>>> print(open('query19.pdb').read())   # PDB, C-alpha atoms
MODEL        1
ATOM      1  CA  MET L 577     -20.739   1.952  -4.926
ATOM      2  CA  TRP L 578     -18.041  -0.506  -6.009
ATOM      3  CA  SER L 579     -15.660   0.308  -8.791
ATOM      4  CA  VAL L 580     -13.184  -2.124 -10.296
ATOM      5  CA  LEU L 581      -9.783  -0.888 -11.358
ATOM      6  CA  SER L 582      -8.407  -3.446 -13.719
ATOM      7  CA  LYS L 583      -4.785  -4.406 -14.072
ATOM      8  CA  VAL L 584      -2.637  -1.654 -15.560
ATOM      9  CA  ALA L 585       0.646  -1.876 -17.449
ATOM     10  CA  ASP L 586       2.746   0.564 -15.423
ATOM     11  CA  GLY L 587       2.868   3.041 -12.574
ATOM     12  CA  ALA L 588       1.875   6.092 -14.614
ATOM     13  CA  SER L 589      -1.210   4.254 -15.880
ATOM     14  CA  ALA L 590      -2.088   3.265 -12.309
ATOM     15  CA  VAL L 591      -1.989   6.882 -11.150
ATOM     16  CA  GLN L 592      -4.029   8.107 -14.117
ATOM     17  CA  ARG L 593      -6.689   5.396 -13.787
ATOM     18  CA  ALA L 594      -6.949   5.763 -10.023
ATOM     19  CA  LEU L 595      -7.464   9.523 -10.220
ATOM     20  CA  THR L 596      -9.969   9.161 -13.068
ATOM     21  CA  ASP L 597     -11.972   6.200 -11.729
ATOM     22  CA  GLN L 598     -11.670   7.001  -7.988
ATOM     23  CA  PRO L 599     -12.015   3.389  -6.766
ATOM     24  CA  GLY L 600     -12.600   2.685  -3.091
ATOM     25  CA  LEU L 601      -9.407   0.656  -2.807
ATOM     26  CA  LEU L 602      -6.179   0.203  -4.738
ATOM     27  CA  VAL L 603      -3.808  -2.731  -4.514
ATOM     28  CA  VAL L 604      -0.496  -1.265  -5.633
ATOM     29  CA  ASP L 605       2.312  -3.578  -6.668
ATOM     30  CA  MET L 606       5.537  -2.161  -5.280
ATOM     31  CA  ASP L 607       7.376  -3.285  -8.440
ATOM     32  CA  LEU L 608       5.320  -1.647 -11.183
ATOM     33  CA  PRO L 609       7.229  -0.931 -14.406
ATOM     34  CA  GLY L 610       8.271   2.690 -14.814
ATOM     35  CA  MET L 611       7.315   3.883 -11.334
ATOM     36  CA  HIS L 612       7.787   2.345  -7.910
ATOM     37  CA  GLY L 613       4.648   1.694  -5.858
ATOM     38  CA  VAL L 614       5.764   4.284  -3.294
ATOM     39  CA  GLU L 615       5.736   6.987  -5.965
ATOM     40  CA  VAL L 616       2.370   5.792  -7.276
ATOM     41  CA  ALA L 617       0.885   6.192  -3.795
ATOM     42  CA  ARG L 618       2.525   9.585  -3.271
ATOM     43  CA  GLN L 619       1.054  10.952  -6.483
ATOM     44  CA  ILE L 620      -2.386   9.532  -5.768
ATOM     45  CA  TRP L 621      -2.486  10.796  -2.175
ATOM     46  CA  ALA L 622      -1.394  14.250  -3.364
ATOM     47  CA  HIS L 623      -4.757  14.493  -5.168
ATOM     48  CA  ALA L 624      -6.996  11.994  -3.357
ATOM     49  CA  LEU L 625      -6.068  11.693   0.314
ATOM     50  CA  ASP L 626      -9.084   9.510   1.042
ATOM     51  CA  MET L 627      -7.917   6.789  -1.382
ATOM     52  CA  LYS L 628      -7.299   3.534   0.483
ATOM     53  CA  ILE L 629      -4.187   1.704  -0.696
ATOM     54  CA  ILE L 630      -2.811  -1.759  -0.050
ATOM     55  CA  PHE L 631       0.886  -2.005  -0.832
ATOM     56  CA  TRP L 632       1.666  -5.425  -2.300
ATOM     57  CA  ALA L 633       5.333  -6.391  -2.039
ATOM     58  CA  GLN L 634       7.476  -9.366  -2.940
ATOM     59  CA  PHE L 635       9.679  -9.041   0.170
ATOM     60  CA  ALA L 636       9.584  -7.423   3.611
ATOM     61  CA  ASP L 637      12.214  -4.884   2.567
ATOM     62  CA  GLU L 638      13.171  -2.499   5.367
ATOM     63  CA  THR L 639      14.352   0.237   2.980
ATOM     64  CA  CYS L 640      11.167   0.094   0.915
ATOM     65  CA  MET L 641       9.021   0.137   4.047
ATOM     66  CA  ARG L 642      10.935   3.140   5.406
ATOM     67  CA  GLN L 643      10.298   5.057   2.162
ATOM     68  CA  THR L 644       6.656   4.049   2.214
ATOM     69  CA  PHE L 645       6.007   5.021   5.811
ATOM     70  CA  ARG L 646       7.714   8.378   5.317
ATOM     71  CA  LEU L 647       5.166   9.396   2.702
ATOM     72  CA  ILE L 648       1.976   8.023   4.256
ATOM     73  CA  PRO L 649      -0.178  10.898   5.481
ATOM     74  CA  PRO L 650      -1.265  10.407   9.131
ATOM     75  CA  GLU L 651      -4.944  10.277   8.158
ATOM     76  CA  ALA L 652      -4.473   7.751   5.337
ATOM     77  CA  VAL L 653      -5.903   4.231   5.493
ATOM     78  CA  TYR L 654      -3.584   1.595   4.070
ATOM     79  CA  GLY L 655      -2.338  -1.965   4.260
ATOM     80  CA  TYR L 656       0.970  -3.645   3.556
ATOM     81  CA  LEU L 657       0.925  -7.243   2.387
ATOM     82  CA  LEU L 658       3.411  -9.700   0.918
ATOM     83  CA  LYS L 659       2.657 -11.420  -2.377
ATOM     84  CA  SER L 660       3.188 -14.745  -0.608
ATOM     85  CA  ALA L 661       0.198 -14.077   1.661
ATOM     86  CA  SER L 662      -2.564 -16.637   1.750
ATOM     87  CA  ALA L 663      -5.975 -15.927   0.261
ATOM     88  CA  ASP L 664      -7.323 -15.566   3.817
ATOM     89  CA  GLN L 665      -4.653 -12.981   4.675
ATOM     90  CA  PHE L 666      -5.452 -11.069   1.497
ATOM     91  CA  VAL L 667      -9.175 -11.044   2.296
ATOM     92  CA  HIS L 668      -8.465  -9.990   5.896
ATOM     93  CA  THR L 669      -6.312  -7.091   4.698
ATOM     94  CA  VAL L 670      -8.861  -5.934   2.130
ATOM     95  CA  ARG L 671     -11.674  -6.149   4.676
ATOM     96  CA  GLY L 672      -9.664  -4.295   7.327
ATOM     97  CA  VAL L 673      -8.633  -1.475   5.021
ATOM     98  CA  LEU L 674     -11.756  -1.109   2.869
ATOM     99  CA  ILE L 675     -14.588  -1.835   5.276
ATOM    100  CA  GLU L 676     -13.177  -1.267   8.763
ATOM    101  CA  GLU L 677     -10.837   1.562   7.687
ATOM    102  CA  GLN L 678      -7.934   0.144   9.681
ATOM    103  CA  CYS L 679      -4.265   0.217   8.808
ATOM    104  CA  ILE L 680      -3.184  -3.398   8.369
ATOM    105  CA  LEU L 681       0.399  -4.621   8.396
ATOM    106  CA  ALA L 682       0.993  -8.294   7.609
ATOM    107  CA  ARG L 683       2.421 -10.244  10.538
ATOM    108  CA  ASP L 684       5.470 -11.372   8.593
ATOM    109  CA  MET L 685       6.353  -7.724   7.980
ATOM    110  CA  HIS L 686       6.480  -6.642  11.640
ATOM    111  CA  ARG L 687      10.243  -7.190  11.995
ATOM    112  CA  ALA L 688      11.042  -5.098   8.914
ATOM    113  CA  TYR L 689       8.531  -2.477  10.110
ATOM    114  CA  ALA L 690      10.153  -2.334  13.545
ATOM    115  CA  GLN L 691      13.596  -1.891  11.983
ATOM    116  CA  ALA L 692      12.316   0.724   9.557
ATOM    117  CA  SER L 693      10.621   2.628  12.401
ATOM    118  CA  ASP L 694      13.570   2.476  14.837
ATOM    119  CA  ARG L 695      15.484   5.744  14.558
ATOM    120  CA  GLN L 696      18.742   4.143  15.703
ATOM    121  CA  THR L 697      18.745   1.174  13.296
ATOM    122  CA  ALA L 698      16.976   2.846  10.371
TER
ENDMDL
END
>>> encode(input="query19.pdb", output="structure tokens")
Amino acid sequence: MWSVLSKVADGASAVQRALTDQPGLLVVDMDLPGMHGVEVARQIWAHALDMKIIFWAQFADETCMRQTFRLIPPEAVYGYLLKSASADQFVHTVRGVLIEEQCILARDMHRAYAQASDRQTA
């Protein structure tokens, strides 16, 4: 069953609506007013570990990615995509996360991911 979670005004509203509506997939803007996308995901996964989340960011920010990857439970299914992604990249990420239950990291984010994951440079 498909459920649509409409646009929300802020992070607290996103958490509340997600936990109430239980959609199959969330696209979480990392720059939501009032609460960072990382905190939105943390609160949602604390109550609904099976919720699939695509993090949607303006930039491939190493610090933000490090915070995000620290909180992602090992069994979680997620994606990480830049807002500058093409429509095809967006569809690929949604399909990979929602249907194929794969963790998808946009190609242009690999360098920031590698730096965020490297214990010596992070």
>>> axis_aligned_box(input="query19.pdb", around="region 634-649 of chain L", padding_each_side="6 Å", output="AutoDock Vina command-line options")
--center_x 7.1 --center_y 0.8 --center_z 1.4 --size_x 26.5 --size_y 32.3 --size_z 20.8
>>> resolve_selection(input="query19.pdb", expression="the PyMOL selection byres ((chain L and resi 607-621) around 9)", output="PyMOL selection string")
chain L and resi 585-588+590-592+594-595+604-606+622-627+629+631-634+640+643-644+647-649+652
>>> atom_distance(input="query19.pdb", atom1="CA of Lys628 (chain L)", atom2="CA of Val653 (chain L)")
5.2 Å
>>> closest_residue(input="query19.pdb", among="L:Phe635, L:Lys659, L:Gln665, L:Ile630", to="Arg683 (chain L)", atoms="all atoms listed in the file")
L:Gln665
>>> resolve_selection(input="query19.pdb", expression="the PyMOL selection byres ((chain L and resi 668) around 12)", output="compact mmCIF listing (two decimals) with C-alpha atoms, in the coordinates of the input")
# COMPACT_ATOMS: atom_id res chain seq x y z
CA ILE L 630 -2.81 -1.76 -0.05
CA GLY L 655 -2.34 -1.96 4.26
CA TYR L 656 0.97 -3.64 3.56
CA LEU L 657 0.92 -7.24 2.39
CA ALA L 661 0.20 -14.08 1.66
CA SER L 662 -2.56 -16.64 1.75
CA ALA L 663 -5.98 -15.93 0.26
CA ASP L 664 -7.32 -15.57 3.82
CA GLN L 665 -4.65 -12.98 4.68
CA PHE L 666 -5.45 -11.07 1.50
CA VAL L 667 -9.18 -11.04 2.30
CA THR L 669 -6.31 -7.09 4.70
CA VAL L 670 -8.86 -5.93 2.13
CA ARG L 671 -11.67 -6.15 4.68
CA GLY L 672 -9.66 -4.30 7.33
CA VAL L 673 -8.63 -1.48 5.02
CA LEU L 674 -11.76 -1.11 2.87
CA ILE L 675 -14.59 -1.84 5.28
CA GLU L 676 -13.18 -1.27 8.76
CA GLU L 677 -10.84 1.56 7.69
CA GLN L 678 -7.93 0.14 9.68
CA CYS L 679 -4.26 0.22 8.81
CA ILE L 680 -3.18 -3.40 8.37
CA LEU L 681 0.40 -4.62 8.40
CA ALA L 682 0.99 -8.29 7.61
CA ARG L 683 2.42 -10.24 10.54
>>> atom_distance(input="query19.pdb", atom1="CA of Met641 (chain L)", atom2="CA of Thr596 (chain L)")
27.1 Å
>>> atom_distance(input="query19.pdb", atom1="CA of Arg646 (chain L)", atom2="CA of Leu601 (chain L)")
20.5 Å
>>> closest_residue(input="query19.pdb", among="L:Ala636, L:Lys583, L:Asp597, L:Val603", to="Ser660 (chain L)", atoms="only C-alpha atoms")
L:Ala636
>>> build_atoms(input="query19.pdb", residues="region 668-685 of chain L", atoms="N, CA and C atoms", output="PDB file, keeping the file's coordinate frame")
ATOM      1  N   HIS L 668      -8.498 -10.697   4.612  1.00  0.00           N
ATOM      2  CA  HIS L 668      -8.465  -9.990   5.896  1.00  0.00           C
ATOM      3  C   HIS L 668      -7.948  -8.559   5.711  1.00  0.00           C
ATOM      4  N   THR L 669      -6.891  -8.417   4.920  1.00  0.00           N
ATOM      5  CA  THR L 669      -6.312  -7.091   4.698  1.00  0.00           C
ATOM      6  C   THR L 669      -7.282  -6.193   3.936  1.00  0.00           C
ATOM      7  N   VAL L 670      -7.886  -6.725   2.898  1.00  0.00           N
ATOM      8  CA  VAL L 670      -8.861  -5.934   2.130  1.00  0.00           C
ATOM      9  C   VAL L 670     -10.029  -5.520   3.020  1.00  0.00           C
ATOM     10  N   ARG L 671     -10.545  -6.450   3.784  1.00  0.00           N
ATOM     11  CA  ARG L 671     -11.674  -6.149   4.676  1.00  0.00           C
ATOM     12  C   ARG L 671     -11.283  -5.080   5.715  1.00  0.00           C
ATOM     13  N   GLY L 672     -10.110  -5.251   6.313  1.00  0.00           N
ATOM     14  CA  GLY L 672      -9.664  -4.295   7.327  1.00  0.00           C
ATOM     15  C   GLY L 672      -9.490  -2.899   6.783  1.00  0.00           C
ATOM     16  N   VAL L 673      -8.891  -2.788   5.609  1.00  0.00           N
ATOM     17  CA  VAL L 673      -8.633  -1.475   5.021  1.00  0.00           C
ATOM     18  C   VAL L 673      -9.903  -0.869   4.424  1.00  0.00           C
ATOM     19  N   LEU L 674     -10.608  -1.634   3.604  1.00  0.00           N
ATOM     20  CA  LEU L 674     -11.756  -1.109   2.869  1.00  0.00           C
ATOM     21  C   LEU L 674     -12.984  -0.901   3.745  1.00  0.00           C
ATOM     22  N   ILE L 675     -13.338  -1.895   4.526  1.00  0.00           N
ATOM     23  CA  ILE L 675     -14.588  -1.835   5.276  1.00  0.00           C
ATOM     24  C   ILE L 675     -14.406  -1.237   6.675  1.00  0.00           C
ATOM     25  N   GLU L 676     -13.369  -1.710   7.378  1.00  0.00           N
ATOM     26  CA  GLU L 676     -13.177  -1.267   8.763  1.00  0.00           C
ATOM     27  C   GLU L 676     -12.298  -0.028   8.874  1.00  0.00           C
ATOM     28  N   GLU L 677     -11.706   0.386   7.751  1.00  0.00           N
ATOM     29  CA  GLU L 677     -10.837   1.562   7.687  1.00  0.00           C
ATOM     30  C   GLU L 677      -9.724   1.515   8.716  1.00  0.00           C
ATOM     31  N   GLN L 678      -9.084   0.342   8.802  1.00  0.00           N
ATOM     32  CA  GLN L 678      -7.934   0.144   9.681  1.00  0.00           C
ATOM     33  C   GLN L 678      -6.670   0.067   8.844  1.00  0.00           C
ATOM     34  N   CYS L 679      -5.555   0.411   9.450  1.00  0.00           N
ATOM     35  CA  CYS L 679      -4.265   0.217   8.808  1.00  0.00           C
ATOM     36  C   CYS L 679      -3.801  -1.181   9.176  1.00  0.00           C
ATOM     37  N   ILE L 680      -3.527  -1.991   8.169  1.00  0.00           N
ATOM     38  CA  ILE L 680      -3.184  -3.398   8.369  1.00  0.00           C
ATOM     39  C   ILE L 680      -1.763  -3.647   7.877  1.00  0.00           C
ATOM     40  N   LEU L 681      -0.957  -4.251   8.744  1.00  0.00           N
ATOM     41  CA  LEU L 681       0.399  -4.621   8.396  1.00  0.00           C
ATOM     42  C   LEU L 681       0.526  -6.121   8.590  1.00  0.00           C
ATOM     43  N   ALA L 682       0.885  -6.838   7.541  1.00  0.00           N
ATOM     44  CA  ALA L 682       0.993  -8.294   7.609  1.00  0.00           C
ATOM     45  C   ALA L 682       1.963  -8.703   8.713  1.00  0.00           C
ATOM     46  N   ARG L 683       1.620  -9.772   9.412  1.00  0.00           N
ATOM     47  CA  ARG L 683       2.421 -10.244  10.538  1.00  0.00           C
ATOM     48  C   ARG L 683       3.880 -10.482  10.152  1.00  0.00           C
ATOM     49  N   ASP L 684       4.102 -11.063   8.993  1.00  0.00           N
ATOM     50  CA  ASP L 684       5.470 -11.372   8.593  1.00  0.00           C
ATOM     51  C   ASP L 684       6.277 -10.126   8.225  1.00  0.00           C
ATOM     52  N   MET L 685       5.660  -8.965   8.280  1.00  0.00           N
ATOM     53  CA  MET L 685       6.353  -7.724   7.980  1.00  0.00           C
ATOM     54  C   MET L 685       6.695  -6.930   9.237  1.00  0.00           C
TER      55      MET L 685
END
